[in-house]
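Beneath this line is the structure, given in structure tokens, with notes to follow.
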Amino acid sequence: SLFMENKISATLTAEAQTAIANALATIEKNLPFLINLTAQERQILPKMGDKSMAFVYKAFEYAKQNPSIAPAFFNMAELEKDVALVASLNRVLKPLNQLSEKIEDTSLQAGSEAYTASLVFYNAVKGAAKAGVPGMKSVYDDMQVRFPGRNKLSGANPTDSN
């Protein structure tokens with residue numbers, strides 16, 4: 001059914017948007033060492049998941065207790081820094097991921113509500129144009145050109161045109 005519950009009825013003020021942008025800038029400023037990886041780098045890097053995290057912590061503890069076993073090129077200080085950094089970043093990342101998911105879900109819901117309402121209005125305009133209501137044919141024609149799914153054969157994207 002086109003009619004659905006209106007779950008989102010909110011506005012995001014300019015002040016709130018500025019405060020959020022400033023807060024994000026503060027977070028990024030406090031993480032000056034962050035990097036971006038290429039898709040290939042992401043693919044080839046060994047990943048430390050939940051299972052390998054336990055392995056890393058065990059290796060770290062044993063390396064601290066048995067320094068004579070470590071090869072000469074082994075850098076214990078860097079291992080310690082990396083282990084600590086992963087733990088610290090995960091304390092930042094988990095709540096950010098939860099927040100990001102809430103923002104995505106809210107945007108998806110609001111977008112769905114806007115699209116549904118637009119379809120209701122579009123169908124009303126279509127009916128009004130067919131009934132000969134003055135001025136509605138041009139509105140219908142303009143909306144029909146931008147209707148999602150149109151122009152698939154020509155390869156044009158209707159959302160790109162003015």
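If you're wondering about the labels, chains in the structure tokens are A, B, ... by order shown, residues count from 1 in each chain, ligands from 1 in order shown.
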Non-local contacts of segment 40-53 of chain A (12 Å; only C-alpha atoms; under 5 positions in same chain excluded) as a VMD selection string: chain A and resid 35 58 to 60 82 to 84 86 to 87 90
Write out, as JSON lines, each residue of segment 32-121 of chain A that has an atom at most 12 Å from segment 7-10 of chain A, together with the closest pair of atoms and their distance in Å to one decimal, counting only C-alpha atoms, rows going by chain and rising number.
{"residue": "A:Ile103", "atom": "CA", "partner": "A:Ile8", "partner_atom": "CA", "distance": 11.9}
{"residue": "A:Asp105", "atom": "CA", "partner": "A:Ile8", "partner_atom": "CA", "distance": 10.6}
{"residue": "A:Thr106", "atom": "CA", "partner": "A:Ile8", "partner_atom": "CA", "distance": 7.4}
{"residue": "A:Ser107", "atom": "CA", "partner": "A:Ile8", "partner_atom": "CA", "distance": 9.1}
{"residue": "A:Leu108", "atom": "CA", "partner": "A:Ile8", "partner_atom": "CA", "distance": 10.1}
{"residue": "A:Gln109", "atom": "CA", "partner": "A:Ile8", "partner_atom": "CA", "distance": 7.0}
{"residue": "A:Ala110", "atom": "CA", "partner": "A:Ile8", "partner_atom": "CA", "distance": 5.8}
{"residue": "A:Gly111", "atom": "CA", "partner": "A:Ile8", "partner_atom": "CA", "distance": 9.6}
{"residue": "A:Ser112", "atom": "CA", "partner": "A:Ile8", "partner_atom": "CA", "distance": 10.0}
{"residue": "A:Glu113", "atom": "CA", "partner": "A:Ile8", "partner_atom": "CA", "distance": 8.0}
{"residue": "A:Ala114", "atom": "CA", "partner": "A:Ile8", "partner_atom": "CA", "distance": 10.0}
Keeping all heavy atoms, export the residues of the selection given above as an mmCIF file, in the first residue's frame.
data_model
loop_
_atom_site.group_PDB
_atom_site.id
_atom_site.type_symbol
_atom_site.label_atom_id
_atom_site.label_comp_id
_atom_site.auth_asym_id
_atom_site.auth_seq_id
_atom_site.Cartn_x
_atom_site.Cartn_y
_atom_site.Cartn_z
ATOM 1 N N ILE A 103 21.654 7.052 11.448
ATOM 2 C CA ILE A 103 21.525 8.146 10.469
ATOM 3 C C ILE A 103 21.084 7.583 9.120
ATOM 4 O O ILE A 103 20.167 8.117 8.486
ATOM 5 C CB ILE A 103 22.843 8.944 10.350
ATOM 6 C CG1 ILE A 103 23.117 9.714 11.651
ATOM 7 C CG2 ILE A 103 22.791 9.912 9.163
ATOM 8 C CD1 ILE A 103 24.506 10.329 11.734
ATOM 9 N N ASP A 105 19.473 4.716 8.534
ATOM 10 C CA ASP A 105 18.097 4.214 8.639
ATOM 11 C C ASP A 105 17.085 5.355 8.637
ATOM 12 O O ASP A 105 16.034 5.266 7.996
ATOM 13 C CB ASP A 105 17.925 3.366 9.908
ATOM 14 C CG ASP A 105 18.636 2.019 9.816
ATOM 15 O OD1 ASP A 105 19.109 1.649 8.721
ATOM 16 O OD2 ASP A 105 18.715 1.332 10.855
ATOM 17 N N THR A 106 17.414 6.439 9.346
ATOM 18 C CA THR A 106 16.505 7.592 9.408
ATOM 19 C C THR A 106 16.393 8.249 8.038
ATOM 20 O O THR A 106 15.296 8.600 7.599
ATOM 21 C CB THR A 106 16.992 8.598 10.467
ATOM 22 O OG1 THR A 106 17.109 7.921 11.730
ATOM 23 C CG2 THR A 106 16.024 9.763 10.610
ATOM 24 N N SER A 107 17.522 8.385 7.345
ATOM 25 C CA SER A 107 17.518 8.960 5.998
ATOM 26 C C SER A 107 16.718 8.078 5.036
ATOM 27 O O SER A 107 15.932 8.578 4.226
ATOM 28 C CB SER A 107 18.957 9.124 5.503
ATOM 29 O OG SER A 107 18.976 9.656 4.199
ATOM 30 N N LEU A 108 16.891 6.760 5.155
ATOM 31 C CA LEU A 108 16.146 5.822 4.314
ATOM 32 C C LEU A 108 14.640 5.939 4.568
ATOM 33 O O LEU A 108 13.838 5.997 3.632
ATOM 34 C CB LEU A 108 16.622 4.390 4.593
ATOM 35 C CG LEU A 108 15.969 3.279 3.777
ATOM 36 C CD1 LEU A 108 16.334 3.411 2.301
ATOM 37 C CD2 LEU A 108 16.412 1.920 4.295
ATOM 38 N N GLN A 109 14.251 6.007 5.848
ATOM 39 C CA GLN A 109 12.836 6.124 6.209
ATOM 40 C C GLN A 109 12.252 7.435 5.697
ATOM 41 O O GLN A 109 11.184 7.458 5.076
ATOM 42 C CB GLN A 109 12.663 6.019 7.732
ATOM 43 C CG GLN A 109 11.219 6.111 8.205
ATOM 44 C CD GLN A 109 10.366 4.931 7.769
ATOM 45 O OE1 GLN A 109 10.832 3.800 7.765
ATOM 46 N NE2 GLN A 109 9.123 5.185 7.393
ATOM 47 N N ALA A 110 12.937 8.549 5.953
ATOM 48 C CA ALA A 110 12.442 9.859 5.510
ATOM 49 C C ALA A 110 12.364 9.914 3.988
ATOM 50 O O ALA A 110 11.397 10.444 3.420
ATOM 51 C CB ALA A 110 13.338 10.979 6.048
ATOM 52 N N GLY A 111 13.371 9.352 3.309
ATOM 53 C CA GLY A 111 13.356 9.315 1.842
ATOM 54 C C GLY A 111 12.202 8.482 1.320
ATOM 55 O O GLY A 111 11.539 8.856 0.341
ATOM 56 N N SER A 112 11.924 7.369 1.978
ATOM 57 C CA SER A 112 10.812 6.508 1.589
ATOM 58 C C SER A 112 9.480 7.240 1.753
ATOM 59 O O SER A 112 8.601 7.173 0.886
ATOM 60 C CB SER A 112 10.833 5.233 2.430
ATOM 61 O OG SER A 112 9.712 4.431 2.119
ATOM 62 N N GLU A 113 9.348 7.953 2.883
ATOM 63 C CA GLU A 113 8.115 8.715 3.121
ATOM 64 C C GLU A 113 7.952 9.827 2.082
ATOM 65 O O GLU A 113 6.846 10.057 1.571
ATOM 66 C CB GLU A 113 8.121 9.287 4.541
ATOM 67 C CG GLU A 113 7.965 8.203 5.602
ATOM 68 C CD GLU A 113 8.102 8.711 7.035
ATOM 69 O OE1 GLU A 113 8.113 9.938 7.258
ATOM 70 O OE2 GLU A 113 8.193 7.852 7.945
ATOM 71 N N ALA A 114 9.044 10.506 1.740
ATOM 72 C CA ALA A 114 8.982 11.580 0.738
ATOM 73 C C ALA A 114 8.619 11.012 -0.631
ATOM 74 O O ALA A 114 7.798 11.583 -1.362
ATOM 75 C CB ALA A 114 10.323 12.315 0.681
#
Proximity to Pro148 of chain A - best of A:Phe55, A:Phe73, A:Phe121, A:Tyr115, only C-alpha atoms: A:Tyr115
Backbone-only DSSP, alpha helix (DSSP H) members of segment 63-145 of chain A, as number ranges by chain: A: 63-65, 76-130, 136-145
